[in-house]
Amino acid sequence: MNPTPAPEAEGPGTPQHRGQDGPAAPGTVEAMIVPRQKAPRAAVPSAYAPGPVSAVPADQHLIPDVLDDPNPLRAADAAGTESLLRCWARENDLPRPEGDTLRIAFPASGTALLVPVRYWSATGAHRFGAPALETAPAGAPPVDAATVAVLIGREGGESGAGDLVARVADSVRHTAGFVEERRRAPADPAEADLFLTAEQSLLLGHPLHPTPKSREGLSESESRRYSPELHGSFPLHWFAVDRSLTATDSAWTEDGPATAEELLAPHAEGLKTPSGTVAVPVHPWQAADLLHRPRVRALAETGLLHDLGPHGEPWHPTSSIRTVHRPGARVMLKLSLGVRITNSRRENLRKELHRGVEVHRLLSTGLAESWRREHPGFDIVRDPAWLAVDDPAGAPVTGLDVVLRHNPFGPGDDAACIAGLTAQRPRPGHPGMRSRLAEVVSGLTARTGLTAGAVCAEWFRRYLHHVVRPVLWLDAHGGVALEAHQQNTIVLLDPDGWPVGGRYRDNQGYYFRESRRAELDKRLPGIGAVSDTFVSDPVTDERFAYYLGINNVLGLIGAFGSQRLADERELLAVLRQFLTETAELGSPLPAYLLENRRLRCKANLLTRLHGLDELVGPVDTQSVYVTIANPLHS
């Protein structure tokens with residue numbers, strides 16, 4: 001996230017795209033940045049409402065799931081095709097078809113796709129069968145993910161069409177490898193704690209991203225070593241850097257104050273460093289890449305940087321790939337990684353390093369204490385220390401840095417990011433793909449004697465209370481909105497599987513409301529000066545509604561529905577009641593979601609087509625947003 005504003009774009013649709021006026025009016029043109037959406041449609045009639053009865057054709061339960069195809073490549077390609085089609089349906093705001101087949105026209109190619117609908121979701125978590133070209137001869141094979149990407153790319157007329165096709169193919173290739181390996185060995189590694197097990201569960205990735213497992217720059221052998229889906233692990237690579245070039249800060253308070261260097265010391269034990277230097281750990285892939293960068297090479301040639309090589313115990317990549325975890329360690333390490341994962345090269349920005357420490361200091365002013373009184377089960381996973389390198393002129397050396405993240409999870413803590421909890425993956429003794437969420441619901445149904453629908457509704461109520469309500473409290477009482485999408489949000493489960501608390505993680509995803517600047521500055525003088533975290537309220541509202549409202553909560557409802565665990569209509573009713581009750585907290589989000597018939601929604605497909613790196617540039621133009629129907633009004 002980079003709140004610094006960009007020059008105003010020209011064109012009639014700019015304010016709505018930039019998030020200045022809340023949800024755009026129906027029919028708004030996404031000027032200059034987003035292709036025109038279809039004209040808005042009438043409100044969806046109640047017959048459109050999703051659920052096990054009305055949204056699933058009667059015979060669809062008898063059809064094998066395409067994700068369970070015995071051929072891993074076909075299963076992966078089916079997953080990639082579904083993701084593309086879900087993106088296209090959402091970003092064009094397509095209505096549910098009258099029958100069991102969705103026809104998607106592609107005028108630029110003079111054809112259409114006929115897509116079997118296995119499940120239609122009010123929240124966008126549709127399930128589709130293998131699509132066919134309308135003009136294809138009888139007996140022609142179904143259309144694969146790369147062909148769907150070609151059709152979409154031609155339709156948008158964007159320069160990123162070829163790149164989209166390549167990334168889709170790369171994503172499918174990686175996914176096939178993950179599925180094949182996990183089918184061969186579906187059990188969780190003995191050395192993994194429950195937190196790491198959840199982090200390693202995202203075999204298929206974001207269900208509404210066109211290239212969820214694209215990792216441009218990783219070879220097959222590197223993928224095996226560095227991928228959480230394959231239970232990868234590796235020692236850190238270390239550089240010794242002249243102490244005069246190190247930049248660092250720490251507000252670490254757990255078990256007493258500690259500098260970044262002191263926190264790293266146990267993991268550098270036995271490492272031989274030249275006098276006057278500091279040991280800096282980096283990701284092994286990053287180390288090889290850094291040594292080819294002119295600025296780093298210049299430091300090595302002048303004796304200011306020494307390559308010490310790999311050293312120490314193995315670390316395990318989490319779901320972000322670049323953040324690594326070691327069960328029992330005091331810290332997690334958020335490393336820079338120049339691989340383009342989904343849309344972005346994952347290298348830390350200096351302002352993000354400052355932001356993590358700043359948030360820890362802000363919470364330490366008494367805000368966290370007040371928060372815990374109201375919500376003792378929720379907190380932020382803190383990023384209170386960092387170590388980086390400057391060049392002799394004092395400019396940051398990008399990619400040569402590390403964030404030290406507090407590790408709050410012990411071996412007995414059942415902590416799972418929502419994306420991991422809902423992810424389908426092969427399981428021992430089960431014939432098909434299954435999510436941890438489905439396992440939890442099944443166990444609770446057996447233990448309580450309640451119906452699966454009743455268990456899901458109660459589980460969802462507790463999730464809203466223990467995880468979502470605390471995030472709304474922080475927005476209302478602290479003026480801080482969190483980018484709480486499913487991968488950034490961790491739910492804590494009790495031994496039976498019920499939600500009892502939560503955590504938020506990510507030193508990038510904070511929005512300090514501009515309207516609360518004076519109040520926040522009084523708490524922590526100078527806040528935001530270096531971290532660049534203040535964001536206008538309209539943009540904050542739009543992003544908060546997407547990340548917490550659409551991605552997290554509506555995405556969770558979609559997972560319950562598309563995995564045939566619950567009726568989405570019943571969970572939407574639970575959500576309406578929760579939003580009505582929490583409006584009094586003071587956050588504008590409950591009213592925003594309840595009152596607007598149309599919502600602004602991040603468009604991952606269009607963002608990919610436009611070649612945008614979401615970690616670079618102003619927050620209001622980092623990614624493309626479109627307008628979709630609000631399922632709370634459907």
# chains A, B, ... in the order shown; residues from 1 in each chain; ligands from 1
>>> select_by_dssp(residues="region 88-171 of chain A", states="alpha helix (DSSP H)", output="number ranges by chain")
A: 88-91, 145-156, 161-171
>>> write_last_selection(atoms="N, CA and C atoms", output="PDB file, in the first residue's frame")
ATOM      1  N   TRP A  88     -14.114 -13.358 -14.710  1.00  0.00           N
ATOM      2  CA  TRP A  88     -14.857 -12.716 -15.807  1.00  0.00           C
ATOM      3  C   TRP A  88     -16.305 -12.459 -15.400  1.00  0.00           C
ATOM      4  N   ALA A  89     -16.908 -13.440 -14.710  1.00  0.00           N
ATOM      5  CA  ALA A  89     -18.300 -13.274 -14.278  1.00  0.00           C
ATOM      6  C   ALA A  89     -18.426 -12.129 -13.279  1.00  0.00           C
ATOM      7  N   ARG A  90     -17.501 -12.033 -12.330  1.00  0.00           N
ATOM      8  CA  ARG A  90     -17.570 -10.959 -11.337  1.00  0.00           C
ATOM      9  C   ARG A  90     -17.296  -9.607 -11.963  1.00  0.00           C
ATOM     10  N   GLU A  91     -16.233  -9.512 -12.751  1.00  0.00           N
ATOM     11  CA  GLU A  91     -15.802  -8.203 -13.233  1.00  0.00           C
ATOM     12  C   GLU A  91     -16.701  -7.662 -14.338  1.00  0.00           C
ATOM     13  N   ALA A 145      -7.521 -23.680 -19.967  1.00  0.00           N
ATOM     14  CA  ALA A 145      -7.343 -22.375 -19.323  1.00  0.00           C
ATOM     15  C   ALA A 145      -6.612 -21.391 -20.217  1.00  0.00           C
ATOM     16  N   ALA A 146      -5.592 -21.854 -20.944  1.00  0.00           N
ATOM     17  CA  ALA A 146      -4.833 -20.946 -21.805  1.00  0.00           C
ATOM     18  C   ALA A 146      -5.712 -20.377 -22.912  1.00  0.00           C
ATOM     19  N   THR A 147      -6.604 -21.193 -23.464  1.00  0.00           N
ATOM     20  CA  THR A 147      -7.497 -20.713 -24.518  1.00  0.00           C
ATOM     21  C   THR A 147      -8.477 -19.681 -23.965  1.00  0.00           C
ATOM     22  N   VAL A 148      -9.003 -19.933 -22.764  1.00  0.00           N
ATOM     23  CA  VAL A 148      -9.878 -18.946 -22.127  1.00  0.00           C
ATOM     24  C   VAL A 148      -9.126 -17.629 -21.927  1.00  0.00           C
ATOM     25  N   ALA A 149      -7.871 -17.719 -21.520  1.00  0.00           N
ATOM     26  CA  ALA A 149      -7.063 -16.515 -21.333  1.00  0.00           C
ATOM     27  C   ALA A 149      -6.870 -15.770 -22.649  1.00  0.00           C
ATOM     28  N   VAL A 150      -6.667 -16.505 -23.748  1.00  0.00           N
ATOM     29  CA  VAL A 150      -6.522 -15.867 -25.060  1.00  0.00           C
ATOM     30  C   VAL A 150      -7.797 -15.109 -25.420  1.00  0.00           C
ATOM     31  N   LEU A 151      -8.951 -15.752 -25.236  1.00  0.00           N
ATOM     32  CA  LEU A 151     -10.229 -15.106 -25.567  1.00  0.00           C
ATOM     33  C   LEU A 151     -10.432 -13.847 -24.731  1.00  0.00           C
ATOM     34  N   ILE A 152     -10.138 -13.926 -23.449  1.00  0.00           N
ATOM     35  CA  ILE A 152     -10.301 -12.767 -22.571  1.00  0.00           C
ATOM     36  C   ILE A 152      -9.344 -11.656 -22.972  1.00  0.00           C
ATOM     37  N   GLY A 153      -8.096 -12.018 -23.251  1.00  0.00           N
ATOM     38  CA  GLY A 153      -7.107 -11.013 -23.633  1.00  0.00           C
ATOM     39  C   GLY A 153      -7.478 -10.287 -24.901  1.00  0.00           C
ATOM     40  N   ARG A 154      -7.998 -11.024 -25.895  1.00  0.00           N
ATOM     41  CA  ARG A 154      -8.433 -10.382 -27.148  1.00  0.00           C
ATOM     42  C   ARG A 154      -9.613  -9.443 -26.898  1.00  0.00           C
ATOM     43  N   GLU A 155     -10.474  -9.805 -25.962  1.00  0.00           N
ATOM     44  CA  GLU A 155     -11.659  -8.989 -25.704  1.00  0.00           C
ATOM     45  C   GLU A 155     -11.283  -7.648 -25.097  1.00  0.00           C
ATOM     46  N   GLY A 156     -10.306  -7.684 -24.175  1.00  0.00           N
ATOM     47  CA  GLY A 156      -9.930  -6.438 -23.513  1.00  0.00           C
ATOM     48  C   GLY A 156      -9.103  -5.536 -24.393  1.00  0.00           C
ATOM     49  N   ALA A 161      -2.284  -8.888 -22.664  1.00  0.00           N
ATOM     50  CA  ALA A 161      -2.967 -10.134 -23.002  1.00  0.00           C
ATOM     51  C   ALA A 161      -1.993 -11.297 -23.129  1.00  0.00           C
ATOM     52  N   GLY A 162      -0.889 -11.096 -23.834  1.00  0.00           N
ATOM     53  CA  GLY A 162       0.095 -12.163 -23.989  1.00  0.00           C
ATOM     54  C   GLY A 162       0.694 -12.562 -22.657  1.00  0.00           C
ATOM     55  N   ASP A 163       0.950 -11.568 -21.808  1.00  0.00           N
ATOM     56  CA  ASP A 163       1.490 -11.845 -20.480  1.00  0.00           C
ATOM     57  C   ASP A 163       0.492 -12.649 -19.657  1.00  0.00           C
ATOM     58  N   LEU A 164      -0.802 -12.341 -19.797  1.00  0.00           N
ATOM     59  CA  LEU A 164      -1.836 -13.086 -19.079  1.00  0.00           C
ATOM     60  C   LEU A 164      -1.796 -14.561 -19.462  1.00  0.00           C
ATOM     61  N   VAL A 165      -1.716 -14.849 -20.747  1.00  0.00           N
ATOM     62  CA  VAL A 165      -1.698 -16.241 -21.201  1.00  0.00           C
ATOM     63  C   VAL A 165      -0.482 -16.973 -20.617  1.00  0.00           C
ATOM     64  N   ALA A 166       0.668 -16.327 -20.638  1.00  0.00           N
ATOM     65  CA  ALA A 166       1.879 -16.955 -20.110  1.00  0.00           C
ATOM     66  C   ALA A 166       1.756 -17.216 -18.615  1.00  0.00           C
ATOM     67  N   ARG A 167       1.199 -16.286 -17.893  1.00  0.00           N
ATOM     68  CA  ARG A 167       1.082 -16.452 -16.445  1.00  0.00           C
ATOM     69  C   ARG A 167       0.030 -17.495 -16.081  1.00  0.00           C
ATOM     70  N   VAL A 168      -1.038 -17.554 -16.872  1.00  0.00           N
ATOM     71  CA  VAL A 168      -2.036 -18.605 -16.641  1.00  0.00           C
ATOM     72  C   VAL A 168      -1.397 -19.977 -16.823  1.00  0.00           C
ATOM     73  N   ALA A 169      -0.630 -20.140 -17.898  1.00  0.00           N
ATOM     74  CA  ALA A 169       0.042 -21.421 -18.138  1.00  0.00           C
ATOM     75  C   ALA A 169       1.011 -21.739 -17.004  1.00  0.00           C
ATOM     76  N   ASP A 170       1.734 -20.728 -16.522  1.00  0.00           N
ATOM     77  CA  ASP A 170       2.677 -20.930 -15.427  1.00  0.00           C
ATOM     78  C   ASP A 170       1.939 -21.335 -14.149  1.00  0.00           C
ATOM     79  N   SER A 171       0.812 -20.682 -13.880  1.00  0.00           N
ATOM     80  CA  SER A 171       0.021 -20.987 -12.693  1.00  0.00           C
ATOM     81  C   SER A 171      -0.509 -22.417 -12.752  1.00  0.00           C
TER      82      SER A 171
END
>>> atom_distance(atom1="CA of Tyr119 (chain A)", atom2="CA of Leu202 (chain A)")
21.4 Å
>>> closest_residue(among="A:Leu264, A:Ala78, A:Leu437, A:Ala529", to="His354 (chain A)", atoms="only C-alpha atoms")
A:Ala529
>>> residues_around(residues="region 484-486 of chain A", least_positions_apart="3", cutoff="9 Å", atoms="only C-alpha atoms", output="PyMOL selection string")
chain A and resi 417-420+471+481+489-490+504-506+509+544+546-553+555-556
>>> residues_around(residues="Leu579 (chain A)", least_positions_apart="2", cutoff="12 Å", atoms="only C-alpha atoms", output="ChimeraX atom specification")
/A:461,464-465,468-469,472,549,553,572-577,581-595,632
>>> closest_residue(among="A:Ala132, A:Val403, A:Gly412, A:Gly497", to="Ala105 (chain A)", atoms="only C-alpha atoms")
A:Ala132
>>> residues_around(residues="Arg382 (chain A)", least_positions_apart="5", cutoff="10 Å", atoms="only C-alpha atoms", output="PDB file with C-alpha atoms, in the first residue's frame")
ATOM      1  CA  ALA A 251      10.374  -1.368  19.245  1.00  0.00           C
ATOM      2  CA  TRP A 252      10.462  -5.027  20.316  1.00  0.00           C
ATOM      3  CA  GLY A 356       5.391  -2.138  11.030  1.00  0.00           C
ATOM      4  CA  VAL A 357       7.377  -0.580  13.872  1.00  0.00           C
ATOM      5  CA  VAL A 359       1.971   0.398  14.290  1.00  0.00           C
ATOM      6  CA  HIS A 360       3.542  -1.478  17.202  1.00  0.00           C
ATOM      7  CA  ARG A 361       4.399   1.841  18.870  1.00  0.00           C
ATOM      8  CA  LEU A 363      -0.712   0.142  19.803  1.00  0.00           C
ATOM      9  CA  LEU A 404      11.363  -9.448  12.268  1.00  0.00           C
ATOM     10  CA  ARG A 405       7.818 -10.522  13.025  1.00  0.00           C
ATOM     11  CA  HIS A 406       6.765 -11.673  16.454  1.00  0.00           C
ATOM     12  CA  ASN A 407       5.732 -15.338  16.445  1.00  0.00           C
ATOM     13  CA  PRO A 408       2.782 -15.598  18.853  1.00  0.00           C
ATOM     14  CA  ARG A 503      -4.986 -12.223  14.502  1.00  0.00           C
ATOM     15  CA  TYR A 504      -4.202  -9.810  11.673  1.00  0.00           C
ATOM     16  CA  ARG A 505      -0.812  -9.748   9.924  1.00  0.00           C
ATOM     17  CA  ASP A 506       0.781  -7.544   7.267  1.00  0.00           C
ATOM     18  CA  ASN A 507       2.964  -4.456   7.662  1.00  0.00           C
TER      19      ASN A 507
END
>>> closest_atom_pairs(of="region 102-206 of chain A", to="region 322-341 of chain A", cutoff="9 Å", atoms="only C-alpha atoms", output="Markdown table")
| residue | atom | partner | partner_atom | distance |
| --- | --- | --- | --- | --- |
| A:Glu191 | CA | A:Pro327 | CA | 7.9 |
| A:Ala192 | CA | A:Pro327 | CA | 6.9 |
| A:Asp193 | CA | A:Pro327 | CA | 6.3 |
| A:Phe195 | CA | A:Pro327 | CA | 8.8 |
| A:Leu196 | CA | A:His325 | CA | 7.5 |
>>> atom_distance(atom1="CA of Gln508 (chain A)", atom2="CA of Thr422 (chain A)")
23.5 Å
